[in-house]
file data-v4.cif (mmCIF, C-alpha atoms)
data_start
#
loop_
_atom_site.label_atom_id
_atom_site.label_comp_id
_atom_site.auth_asym_id
_atom_site.auth_seq_id
_atom_site.Cartn_x
_atom_site.Cartn_y
_atom_site.Cartn_z
CA MET A 1 94.42 50.16 -34.23
CA ASN A 2 96.53 51.81 -36.93
CA GLY A 3 95.33 50.60 -40.32
CA GLU A 4 92.52 48.54 -38.78
CA LYS A 5 88.89 49.08 -39.66
CA LYS A 6 87.02 50.89 -36.90
CA GLN A 7 84.24 48.70 -35.52
CA LYS A 8 80.78 49.87 -34.45
CA PHE A 9 81.46 49.77 -30.70
CA ASP A 10 85.00 51.16 -30.75
CA GLY A 11 85.09 54.18 -28.47
CA TYR A 12 81.82 53.25 -26.75
CA ALA A 13 83.04 50.73 -24.17
CA ALA A 14 82.86 53.04 -21.14
CA LEU A 15 79.56 54.60 -22.26
CA TYR A 16 78.00 51.14 -22.79
CA ASP A 17 78.82 49.96 -19.26
CA GLU A 18 77.90 53.32 -17.75
CA TRP A 19 74.46 53.25 -19.37
CA PHE A 20 73.66 49.86 -17.86
CA MET A 21 74.91 50.92 -14.42
CA LYS A 22 72.74 54.07 -14.51
CA ASN A 23 69.77 51.95 -15.62
CA GLU A 24 70.39 49.46 -12.83
CA ASN A 25 66.91 47.96 -12.63
CA LEU A 26 66.68 47.55 -16.40
CA PHE A 27 70.06 45.82 -16.31
CA THR A 28 68.89 43.49 -13.53
CA SER A 29 65.87 42.53 -15.67
CA GLU A 30 68.10 41.76 -18.66
CA LEU A 31 70.58 39.86 -16.47
CA ARG A 32 67.76 37.68 -15.14
CA LEU A 33 66.77 36.83 -18.70
CA PHE A 34 70.40 36.12 -19.60
CA GLU A 35 70.82 33.75 -16.65
CA LYS A 36 67.45 32.06 -17.28
CA ALA A 37 68.29 31.45 -20.94
CA LEU A 38 71.76 30.04 -20.19
CA GLY A 39 70.55 27.75 -17.41
CA ASP A 40 73.10 25.50 -15.70
CA ILE A 41 76.43 26.07 -17.47
CA SER A 42 78.66 24.06 -15.13
CA GLY A 43 81.04 21.85 -17.12
CA LYS A 44 79.82 23.25 -20.44
CA ARG A 45 81.76 25.02 -23.17
CA LEU A 46 80.23 28.32 -24.21
CA LEU A 47 80.88 30.80 -26.99
CA SER A 48 79.67 34.40 -26.78
CA VAL A 49 79.42 35.96 -30.23
CA GLY A 50 79.88 39.68 -29.77
CA CYS A 51 80.78 39.42 -26.09
CA GLY A 52 81.24 43.18 -25.80
CA SER A 53 82.82 44.28 -22.54
CA GLY A 54 81.89 41.02 -20.81
CA LEU A 55 79.55 42.95 -18.50
CA PHE A 56 76.92 40.22 -18.34
CA GLU A 57 79.58 37.50 -18.11
CA SER A 58 81.06 39.22 -15.05
CA TYR A 59 77.94 38.13 -13.14
CA ILE A 60 78.30 34.43 -13.94
CA ASP A 61 81.08 31.84 -13.83
CA CYS A 62 82.73 32.67 -17.15
CA SER A 63 85.70 30.34 -16.79
CA ASN A 64 84.40 28.25 -19.71
CA VAL A 65 83.17 31.18 -21.82
CA GLU A 66 85.02 31.97 -25.02
CA GLY A 67 84.30 35.20 -26.84
CA ILE A 68 84.38 36.80 -30.27
CA GLU A 69 84.37 40.59 -30.28
CA PRO A 70 84.95 43.04 -33.17
CA SER A 71 85.77 46.01 -30.91
CA THR A 72 89.22 45.86 -29.36
CA ASP A 73 88.05 48.45 -26.79
CA MET A 74 85.22 46.22 -25.61
CA GLY A 75 87.12 42.96 -25.93
CA ALA A 76 90.00 44.18 -23.79
CA ILE A 77 87.58 44.82 -20.91
CA ALA A 78 85.98 41.40 -21.44
CA VAL A 79 89.39 39.76 -21.09
CA LYS A 80 89.94 41.55 -17.77
CA ARG A 81 86.57 40.22 -16.63
CA GLY A 82 87.58 36.65 -17.34
CA VAL A 83 86.23 35.97 -20.84
CA ASN A 84 88.63 34.06 -23.08
CA VAL A 85 88.39 36.21 -26.21
CA ILE A 86 89.52 33.91 -29.01
CA HIS A 87 89.12 36.44 -31.82
CA PHE A 88 89.12 40.22 -31.99
CA GLY A 89 87.03 40.59 -35.11
CA LEU A 90 83.85 39.36 -36.78
CA ILE A 91 82.42 35.85 -36.51
CA GLU A 92 82.36 35.79 -40.31
CA GLU A 93 86.18 35.75 -40.21
CA VAL A 94 86.51 32.81 -37.82
CA GLU A 95 86.69 29.10 -38.66
CA LEU A 96 84.80 27.53 -35.75
CA PRO A 97 85.40 23.87 -34.86
CA CYS A 98 82.51 21.53 -35.69
CA GLU A 99 80.31 20.26 -32.83
CA ALA A 100 82.56 21.80 -30.18
CA TYR A 101 80.25 23.94 -28.04
CA ASP A 102 77.37 23.20 -25.70
CA ILE A 103 76.00 26.74 -25.90
CA ILE A 104 76.58 29.56 -28.38
CA TYR A 105 74.86 32.82 -27.62
CA PHE A 106 74.38 36.25 -29.17
CA ASN A 107 73.55 38.69 -26.37
CA GLY A 108 72.31 41.72 -28.29
CA SER A 109 74.84 41.22 -31.08
CA SER A 110 72.40 39.99 -33.75
CA SER A 111 71.09 43.55 -33.85
CA TYR A 112 74.40 44.65 -35.39
CA MET A 113 74.67 41.95 -38.07
CA GLU A 114 73.31 42.10 -41.61
CA ASP A 115 73.43 38.44 -42.72
CA LEU A 116 71.93 36.45 -39.86
CA ARG A 117 71.57 33.25 -41.88
CA LEU A 118 75.33 33.05 -42.44
CA VAL A 119 76.29 33.48 -38.79
CA TYR A 120 73.49 31.28 -37.43
CA GLU A 121 74.36 28.48 -39.83
CA LYS A 122 78.01 28.70 -38.82
CA SER A 123 77.01 28.64 -35.15
CA LEU A 124 74.75 25.61 -35.54
CA ARG A 125 77.59 23.68 -37.17
CA ALA A 126 79.80 24.50 -34.19
CA LEU A 127 77.23 23.23 -31.67
CA LYS A 128 77.20 19.71 -30.30
CA LYS A 129 74.11 17.61 -30.94
CA GLY A 130 71.59 18.77 -28.36
CA GLY A 131 73.47 22.04 -27.91
CA ARG A 132 71.66 25.37 -27.77
CA LEU A 133 71.89 28.51 -29.85
CA ILE A 134 70.59 31.40 -27.74
CA LEU A 135 69.61 34.74 -29.27
CA LEU A 136 68.98 37.56 -26.79
CA ASP A 137 67.84 40.79 -28.41
CA VAL A 138 65.72 43.90 -28.49
CA PRO A 139 63.14 42.90 -31.13
CA LYS A 140 62.61 45.39 -33.93
CA GLU A 141 58.84 45.28 -33.34
CA SER A 142 59.04 46.00 -29.61
CA ALA A 143 58.55 49.42 -28.02
CA PHE A 144 62.31 49.64 -27.45
CA GLY A 145 63.05 48.65 -31.04
CA PHE A 146 60.58 51.22 -32.34
CA MET A 147 62.17 53.89 -30.14
CA TYR A 148 65.67 53.09 -31.38
CA LEU A 149 64.56 53.11 -35.01
CA LEU A 150 62.91 56.49 -34.50
CA GLY A 151 66.06 57.91 -32.95
CA LYS A 152 68.17 56.42 -35.72
CA ASN A 153 66.02 57.89 -38.48
CA LEU A 154 65.51 61.26 -36.81
CA GLY A 155 69.17 61.51 -35.87
CA THR A 156 68.21 62.52 -32.34
CA TYR A 157 66.08 61.59 -29.34
CA ASP A 158 65.50 65.28 -28.69
CA HIS A 159 62.65 65.73 -31.14
CA GLU A 160 59.30 67.36 -30.40
CA ALA A 161 57.47 64.19 -31.42
CA LEU A 162 59.31 62.29 -28.66
CA HIS A 163 58.89 64.80 -25.84
CA GLY A 164 57.19 63.23 -22.83
CA VAL A 165 57.42 59.67 -24.14
CA MET A 166 61.13 58.88 -23.77
CA PRO A 167 62.81 57.17 -20.79
CA GLU A 168 65.09 59.40 -18.73
CA LEU A 169 68.23 57.67 -19.97
CA PRO A 170 67.68 56.14 -23.43
CA TYR A 171 70.23 53.82 -25.00
CA PRO A 172 73.12 55.90 -26.45
CA LEU A 173 72.07 57.15 -29.87
CA GLY A 174 75.42 56.29 -31.45
CA LEU A 175 74.88 52.62 -30.57
CA ALA A 176 71.20 52.58 -31.49
CA SER A 177 71.94 54.23 -34.83
CA SER A 178 74.54 51.62 -35.79
CA GLY A 179 72.09 48.77 -35.22
CA VAL A 180 70.39 46.82 -38.01
CA TRP A 181 67.50 45.63 -35.81
CA HIS A 182 65.66 42.41 -36.66
CA SER A 183 62.27 41.07 -35.62
CA SER A 184 61.92 37.92 -33.54
CA ASP A 185 59.89 36.27 -36.30
CA GLU A 186 62.69 36.98 -38.79
CA LYS A 187 65.23 35.17 -36.58
CA ILE A 188 62.86 32.27 -35.90
CA SER A 189 62.13 31.91 -39.62
CA ILE A 190 65.84 31.74 -40.46
CA LEU A 191 66.44 29.09 -37.80
CA LYS A 192 63.53 27.00 -39.08
CA GLU A 193 64.97 27.21 -42.61
CA LEU A 194 68.24 25.90 -41.14
CA GLY A 195 66.43 22.87 -39.73
CA VAL A 196 65.73 23.88 -36.13
CA THR A 197 62.46 22.48 -34.79
CA ASN A 198 62.83 22.71 -31.01
CA PHE A 199 62.42 26.21 -29.52
CA ASN A 200 61.91 27.87 -26.15
CA PHE A 201 61.18 31.55 -25.63
CA TYR A 202 61.57 33.91 -22.67
CA GLN A 203 61.11 37.66 -22.33
CA THR A 204 61.46 40.65 -20.03
CA LEU A 205 61.05 44.46 -20.15
CA ILE A 206 57.31 44.10 -20.65
CA LYS A 207 56.60 47.58 -19.31
CA ASN A 208 56.59 50.71 -21.42
CA PRO A 209 60.24 51.88 -21.81
CA MET A 210 59.48 54.98 -19.71
CA TYR A 211 58.92 52.77 -16.68
CA THR A 212 61.23 49.76 -17.12
CA ASN A 213 63.91 51.18 -14.83
CA GLU A 214 61.52 51.69 -11.90
CA GLU A 215 62.02 48.14 -10.64
CA PRO A 216 63.45 44.85 -11.93
CA GLU A 217 61.05 42.62 -13.83
CA GLU A 218 60.68 38.85 -13.62
CA VAL A 219 61.26 36.68 -16.68
CA SER A 220 58.15 35.33 -18.39
CA ASP A 221 57.51 32.80 -21.15
CA GLY A 222 57.01 33.89 -24.75
CA TYR A 223 58.48 36.51 -27.06
CA LYS A 224 55.64 38.71 -28.32
CA SER A 225 55.47 41.25 -25.47
CA GLY A 226 59.02 41.82 -24.27
CA GLY A 227 61.49 44.58 -24.96
CA TYR A 228 64.24 41.99 -24.49
CA VAL A 229 63.67 38.47 -25.75
CA ALA A 230 65.53 35.15 -25.62
CA ILE A 231 65.07 32.69 -28.47
CA ILE A 232 66.54 29.32 -27.54
CA ALA A 233 67.06 26.92 -30.43
CA GLU A 234 68.15 23.34 -29.73
CA LYS A 235 70.24 21.57 -32.35
#
call {"tool": "encode", "arguments": {"input": "data-v4.cif", "output": "structure tokens"}}
result
Amino acid sequence: MNGEKKQKFDGYAALYDEWFMKNENLFTSELRLFEKALGDISGKRLLSVGCGSGLFESYIDCSNVEGIEPSTDMGAIAVKRGVNVIHFGLIEEVELPCEAYDIIYFNGSSSYMEDLRLVYEKSLRALKKGGRLILLDVPKESAFGFMYLLGKNLGTYDHEALHGVMPELPYPLGLASSGVWHSSDEKISILKELGVTNFNFYQTLIKNPMYTNEEPEEVSDGYKSGGYVAIIAEK
């Protein structure tokens, strides 16, 4: 890493995985949404933009999953879990082949990107006709998004205004604070401007964040109630 720019998730790989394992039911809810959004991936070529540690991929057949990951810490774990990391860096730096992938997905990574139009446009070019761009995220307008923005702006979760309303194990503040956080409508609007007309939406984490780890939730249609949302755009 000498001379390299430190990325947002460098140094957080173990903490990231540990948080999901401690919030096991919340993770199961998000994994169900992830699997529902991907659908049948047999024989398909996938690209995970911001694949992180490959935690979610370790629960599916990731033999055809390629990854892009800025953090060498996270990416190294993803490789061990079977993800073919094709670039340790930003998607903005990569020249993706045209019409090469069946599915390109951003699992939480849009929340750490400033210029969504640039990366979504690049991704759509790299999709085959009929391919799907899948955006899984904590929406800015959701209860979780609001909580993370509060923590980011206060510089702490341990604030008197938040006493009694926070989940037992909130998302690590260092990761929440480095997020940009976008609304679902913002992402949908960008995709429509790029010519997408066919959408599907799924969501989970409907409960108040204080209670989402009590038991796993089922996936439901829509995007206006969930703390984790999947926007599926067909090319």
call {"tool": "closest_residue", "arguments": {"input": "data-v4.cif", "among": "A:Val49, A:Val79, A:Leu127, A:Ile190", "to": "Asp115 of chain A", "atoms": "only C-alpha atoms"}}
result
A:Ile190
call {"tool": "residues_around", "arguments": {"input": "data-v4.cif", "residues": "Gln203 of chain A", "least_positions_apart": "2", "cutoff": "7 Å", "atoms": "only C-alpha atoms", "output": "JSON, numbers by chain"}}
result
{"A": [33, 201, 219, 220, 221, 222, 223, 226, 228, 229, 230]}
call {"tool": "resolve_selection", "arguments": {"input": "data-v4.cif", "expression": "the PyMOL selection byres ((chain A and resi 181) around 10)", "output": "list in words"}}
result
Gly108, Ser109, Ser110, Ser111, Tyr112, Met113, Glu114, Asp137, Val138, Pro139, Lys140, Glu141, Gly145, Phe146, Tyr148, Leu149, Ala176, Ser177, Ser178, Gly179, Val180, His182, Ser183 and Ser184 of chain A
call {"tool": "resolve_selection", "arguments": {"input": "data-v4.cif", "expression": "the PyMOL selection byres ((chain A and resi 232) around 6)", "output": "PyMOL selection string"}}
result
chain A and resi 133-134+199-200+231+233
call {"tool": "atom_distance", "arguments": {"input": "data-v4.cif", "atom1": "atom CA of Leu116 of chain A", "atom2": "atom CA of Glu92 of chain A"}}
result
10.5 Å
call {"tool": "closest_residue", "arguments": {"input": "data-v4.cif", "among": "A:Asn23, A:Ser123, A:Thr204, A:Asn84", "to": "Ile103 of chain A", "atoms": "only C-alpha atoms"}}
result
A:Ser123
call {"tool": "resolve_selection", "arguments": {"input": "data-v4.cif", "expression": "the PyMOL selection byres ((chain A and resi 70) around 7)", "output": "ChimeraX atom specification"}}
result
/A:7,50,68-69,71-72,88-90
call {"tool": "closest_residue", "arguments": {"input": "data-v4.cif", "among": "A:Ile206, A:Leu47, A:Cys98, A:Met21", "to": "Asn64 of chain A", "atoms": "all atoms listed in the file"}}
result
A:Leu47
call {"tool": "residues_around", "arguments": {"input": "data-v4.cif", "residues": "Thr212 of chain A", "least_positions_apart": "6", "cutoff": "9 Å", "atoms": "all atoms listed in the file", "output": "PyMOL selection string"}}
result
chain A and resi 23+25-26+29+167+205-206
call {"tool": "write_last_selection", "arguments": {"input": "data-v4.cif", "atoms": "C-alpha atoms", "output": "compact mmCIF listing (two decimals), in the coordinates of the input"}}
result
# COMPACT_ATOMS: atom_id res chain seq x y z
CA ASN A 23 69.77 51.95 -15.62
CA ASN A 25 66.91 47.96 -12.63
CA LEU A 26 66.68 47.55 -16.40
CA SER A 29 65.87 42.53 -15.67
CA PRO A 167 62.81 57.17 -20.79
CA LEU A 205 61.05 44.46 -20.15
CA ILE A 206 57.31 44.10 -20.65
call {"tool": "closest_residue", "arguments": {"input": "data-v4.cif", "among": "A:Ala100, A:Lys187, A:Glu160, A:Lys152", "to": "Leu135 of chain A", "atoms": "all atoms listed in the file"}}
result
A:Lys187
call {"tool": "closest_residue", "arguments": {"input": "data-v4.cif", "among": "A:Leu96, A:Leu169, A:Leu46, A:Met210", "to": "Arg125 of chain A", "atoms": "all atoms listed in the file"}}
result
A:Leu96
call {"tool": "atom_distance", "arguments": {"input": "data-v4.cif", "atom1": "atom CA of Arg117 of chain A", "atom2": "atom CA of Cys51 of chain A"}}
result
19.3 Å
call {"tool": "residues_near_point", "arguments": {"input": "data-v4.cif", "point": "(81.3, 42.9, -17.4)", "cutoff": "10 Å", "atoms": "only C-alpha atoms", "output": "list in words"}}
result
Asp17, Cys51, Gly52, Ser53, Gly54, Leu55, Phe56, Glu57, Ser58, Tyr59, Ile60, Met74, Ile77, Ala78, Val79, Lys80, Arg81, Gly82 and Val83 of chain A
call {"tool": "write_last_selection", "arguments": {"input": "data-v4.cif", "atoms": "C-alpha atoms", "output": "PDB file, in the coordinates of the input"}}
result
ATOM      1  CA  ASP A  17      78.820  49.960 -19.260  1.00  0.00           C
ATOM      2  CA  CYS A  51      80.780  39.420 -26.090  1.00  0.00           C
ATOM      3  CA  GLY A  52      81.240  43.180 -25.800  1.00  0.00           C
ATOM      4  CA  SER A  53      82.820  44.280 -22.540  1.00  0.00           C
ATOM      5  CA  GLY A  54      81.890  41.020 -20.810  1.00  0.00           C
ATOM      6  CA  LEU A  55      79.550  42.950 -18.500  1.00  0.00           C
ATOM      7  CA  PHE A  56      76.920  40.220 -18.340  1.00  0.00           C
ATOM      8  CA  GLU A  57      79.580  37.500 -18.110  1.00  0.00           C
ATOM      9  CA  SER A  58      81.060  39.220 -15.050  1.00  0.00           C
ATOM     10  CA  TYR A  59      77.940  38.130 -13.140  1.00  0.00           C
ATOM     11  CA  ILE A  60      78.300  34.430 -13.940  1.00  0.00           C
ATOM     12  CA  MET A  74      85.220  46.220 -25.610  1.00  0.00           C
ATOM     13  CA  ILE A  77      87.580  44.820 -20.910  1.00  0.00           C
ATOM     14  CA  ALA A  78      85.980  41.400 -21.440  1.00  0.00           C
ATOM     15  CA  VAL A  79      89.390  39.760 -21.090  1.00  0.00           C
ATOM     16  CA  LYS A  80      89.940  41.550 -17.770  1.00  0.00           C
ATOM     17  CA  ARG A  81      86.570  40.220 -16.630  1.00  0.00           C
ATOM     18  CA  GLY A  82      87.580  36.650 -17.340  1.00  0.00           C
ATOM     19  CA  VAL A  83      86.230  35.970 -20.840  1.00  0.00           C
TER      20      VAL A  83
END
call {"tool": "residues_around", "arguments": {"input": "data-v4.cif", "residues": "segment 193-198 of chain A", "least_positions_apart": "5", "cutoff": "8 Å", "atoms": "all atoms listed in the file", "output": "number ranges by chain"}}
result
A: 121, 233-235
call {"tool": "residues_around", "arguments": {"input": "data-v4.cif", "residues": "Ala143 of chain A", "least_positions_apart": "3", "cutoff": "8 Å", "atoms": "only C-alpha atoms", "output": "mmCIF file with C-alpha atoms, keeping the file's coordinate frame"}}
result
data_model
loop_
_atom_site.group_PDB
_atom_site.id
_atom_site.type_symbol
_atom_site.label_atom_id
_atom_site.label_comp_id
_atom_site.auth_asym_id
_atom_site.auth_seq_id
_atom_site.Cartn_x
_atom_site.Cartn_y
_atom_site.Cartn_z
ATOM 1 C CA PHE A 146 60.580 51.220 -32.340
ATOM 2 C CA MET A 147 62.170 53.890 -30.140
ATOM 3 C CA ASN A 208 56.590 50.710 -21.420
ATOM 4 C CA PRO A 209 60.240 51.880 -21.810
ATOM 5 C CA GLY A 227 61.490 44.580 -24.960
#
call {"tool": "residues_near_point", "arguments": {"input": "data-v4.cif", "point": "(66.3, 39.9, -14.1)", "cutoff": "7 Å", "atoms": "all atoms listed in the file", "output": "list in words"}}
result
Thr28, Ser29, Glu30, Leu31, Arg32, Leu33, Pro216, Glu217, Glu218 and Val219 of chain A
call {"tool": "build_atoms", "arguments": {"input": "data-v4.cif", "residues": "segment 62-73 of chain A", "atoms": "all heavy atoms", "output": "PDB file, in the frame of the given file"}}
result
ATOM      1  N   CYS A  62      82.381  32.626 -15.721  1.00  0.00           N
ATOM      2  CA  CYS A  62      82.730  32.670 -17.150  1.00  0.00           C
ATOM      3  C   CYS A  62      84.034  31.952 -17.456  1.00  0.00           C
ATOM      4  O   CYS A  62      84.666  32.213 -18.488  1.00  0.00           O
ATOM      5  CB  CYS A  62      82.764  34.111 -17.653  1.00  0.00           C
ATOM      6  SG  CYS A  62      83.967  35.166 -16.840  1.00  0.00           S
ATOM      7  N   SER A  63      84.435  31.046 -16.587  1.00  0.00           N
ATOM      8  CA  SER A  63      85.700  30.340 -16.790  1.00  0.00           C
ATOM      9  C   SER A  63      85.696  29.472 -18.043  1.00  0.00           C
ATOM     10  O   SER A  63      86.756  29.170 -18.594  1.00  0.00           O
ATOM     11  CB  SER A  63      86.026  29.475 -15.561  1.00  0.00           C
ATOM     12  OG  SER A  63      84.965  28.572 -15.273  1.00  0.00           O
ATOM     13  N   ASN A  64      84.509  29.062 -18.496  1.00  0.00           N
ATOM     14  CA  ASN A  64      84.400  28.250 -19.710  1.00  0.00           C
ATOM     15  C   ASN A  64      83.776  29.017 -20.875  1.00  0.00           C
ATOM     16  O   ASN A  64      83.314  28.406 -21.837  1.00  0.00           O
ATOM     17  CB  ASN A  64      83.579  26.986 -19.436  1.00  0.00           C
ATOM     18  CG  ASN A  64      84.278  26.024 -18.491  1.00  0.00           C
ATOM     19  OD1 ASN A  64      85.498  25.902 -18.504  1.00  0.00           O
ATOM     20  ND2 ASN A  64      83.507  25.354 -17.647  1.00  0.00           N
ATOM     21  N   VAL A  65      83.761  30.350 -20.765  1.00  0.00           N
ATOM     22  CA  VAL A  65      83.170  31.180 -21.820  1.00  0.00           C
ATOM     23  C   VAL A  65      84.260  31.723 -22.733  1.00  0.00           C
ATOM     24  O   VAL A  65      85.178  32.409 -22.283  1.00  0.00           O
ATOM     25  CB  VAL A  65      82.369  32.352 -21.219  1.00  0.00           C
ATOM     26  CG1 VAL A  65      81.824  33.242 -22.339  1.00  0.00           C
ATOM     27  CG2 VAL A  65      81.217  31.843 -20.350  1.00  0.00           C
ATOM     28  N   GLU A  66      84.159  31.389 -24.006  1.00  0.00           N
ATOM     29  CA  GLU A  66      85.020  31.970 -25.020  1.00  0.00           C
ATOM     30  C   GLU A  66      84.251  33.111 -25.704  1.00  0.00           C
ATOM     31  O   GLU A  66      83.026  33.117 -25.703  1.00  0.00           O
ATOM     32  CB  GLU A  66      85.436  30.918 -26.049  1.00  0.00           C
ATOM     33  CG  GLU A  66      86.222  29.775 -25.428  1.00  0.00           C
ATOM     34  CD  GLU A  66      86.425  28.608 -26.384  1.00  0.00           C
ATOM     35  OE1 GLU A  66      86.500  28.840 -27.608  1.00  0.00           O
ATOM     36  OE2 GLU A  66      86.497  27.462 -25.902  1.00  0.00           O
ATOM     37  N   GLY A  67      84.971  34.054 -26.251  1.00  0.00           N
ATOM     38  CA  GLY A  67      84.300  35.200 -26.840  1.00  0.00           C
ATOM     39  C   GLY A  67      84.869  35.582 -28.195  1.00  0.00           C
ATOM     40  O   GLY A  67      86.049  35.354 -28.480  1.00  0.00           O
ATOM     41  N   ILE A  68      83.990  36.152 -29.014  1.00  0.00           N
ATOM     42  CA  ILE A  68      84.380  36.800 -30.270  1.00  0.00           C
ATOM     43  C   ILE A  68      83.881  38.225 -30.177  1.00  0.00           C
ATOM     44  O   ILE A  68      82.713  38.454 -29.860  1.00  0.00           O
ATOM     45  CB  ILE A  68      83.744  36.085 -31.482  1.00  0.00           C
ATOM     46  CG1 ILE A  68      84.285  34.664 -31.617  1.00  0.00           C
ATOM     47  CG2 ILE A  68      83.991  36.874 -32.769  1.00  0.00           C
ATOM     48  CD1 ILE A  68      83.555  33.834 -32.668  1.00  0.00           C
ATOM     49  N   GLU A  69      84.765  39.189 -30.430  1.00  0.00           N
ATOM     50  CA  GLU A  69      84.370  40.590 -30.280  1.00  0.00           C
ATOM     51  C   GLU A  69      85.095  41.478 -31.297  1.00  0.00           C
ATOM     52  O   GLU A  69      86.327  41.521 -31.314  1.00  0.00           O
ATOM     53  CB  GLU A  69      84.673  41.072 -28.859  1.00  0.00           C
ATOM     54  CG  GLU A  69      84.423  42.545 -28.615  1.00  0.00           C
ATOM     55  CD  GLU A  69      83.050  43.020 -29.056  1.00  0.00           C
ATOM     56  OE1 GLU A  69      82.055  42.311 -28.773  1.00  0.00           O
ATOM     57  OE2 GLU A  69      82.967  44.074 -29.701  1.00  0.00           O
ATOM     58  N   PRO A  70      84.333  42.166 -32.154  1.00  0.00           N
ATOM     59  CA  PRO A  70      84.950  43.040 -33.170  1.00  0.00           C
ATOM     60  C   PRO A  70      85.696  44.231 -32.576  1.00  0.00           C
ATOM     61  O   PRO A  70      86.711  44.660 -33.119  1.00  0.00           O
ATOM     62  CB  PRO A  70      83.766  43.501 -34.010  1.00  0.00           C
ATOM     63  CG  PRO A  70      82.673  42.527 -33.741  1.00  0.00           C
ATOM     64  CD  PRO A  70      82.880  42.071 -32.334  1.00  0.00           C
ATOM     65  N   SER A  71      85.178  44.796 -31.482  1.00  0.00           N
ATOM     66  CA  SER A  71      85.770  46.010 -30.910  1.00  0.00           C
ATOM     67  C   SER A  71      86.900  45.650 -29.958  1.00  0.00           C
ATOM     68  O   SER A  71      86.683  44.977 -28.946  1.00  0.00           O
ATOM     69  CB  SER A  71      84.703  46.819 -30.173  1.00  0.00           C
ATOM     70  OG  SER A  71      85.297  47.828 -29.392  1.00  0.00           O
ATOM     71  N   THR A  72      88.095  46.125 -30.260  1.00  0.00           N
ATOM     72  CA  THR A  72      89.220  45.860 -29.360  1.00  0.00           C
ATOM     73  C   THR A  72      89.015  46.568 -28.021  1.00  0.00           C
ATOM     74  O   THR A  72      89.454  46.074 -26.975  1.00  0.00           O
ATOM     75  CB  THR A  72      90.544  46.303 -29.992  1.00  0.00           C
ATOM     76  OG1 THR A  72      90.444  47.674 -30.404  1.00  0.00           O
ATOM     77  CG2 THR A  72      90.892  45.444 -31.191  1.00  0.00           C
ATOM     78  N   ASP A  73      88.348  47.728 -28.032  1.00  0.00           N
ATOM     79  CA  ASP A  73      88.050  48.450 -26.790  1.00  0.00           C
ATOM     80  C   ASP A  73      87.213  47.581 -25.855  1.00  0.00           C
ATOM     81  O   ASP A  73      87.529  47.422 -24.674  1.00  0.00           O
ATOM     82  CB  ASP A  73      87.254  49.732 -27.086  1.00  0.00           C
ATOM     83  CG  ASP A  73      88.031  50.743 -27.907  1.00  0.00           C
ATOM     84  OD1 ASP A  73      89.223  50.512 -28.139  1.00  0.00           O
ATOM     85  OD2 ASP A  73      87.441  51.754 -28.306  1.00  0.00           O
TER      86      ASP A  73
END
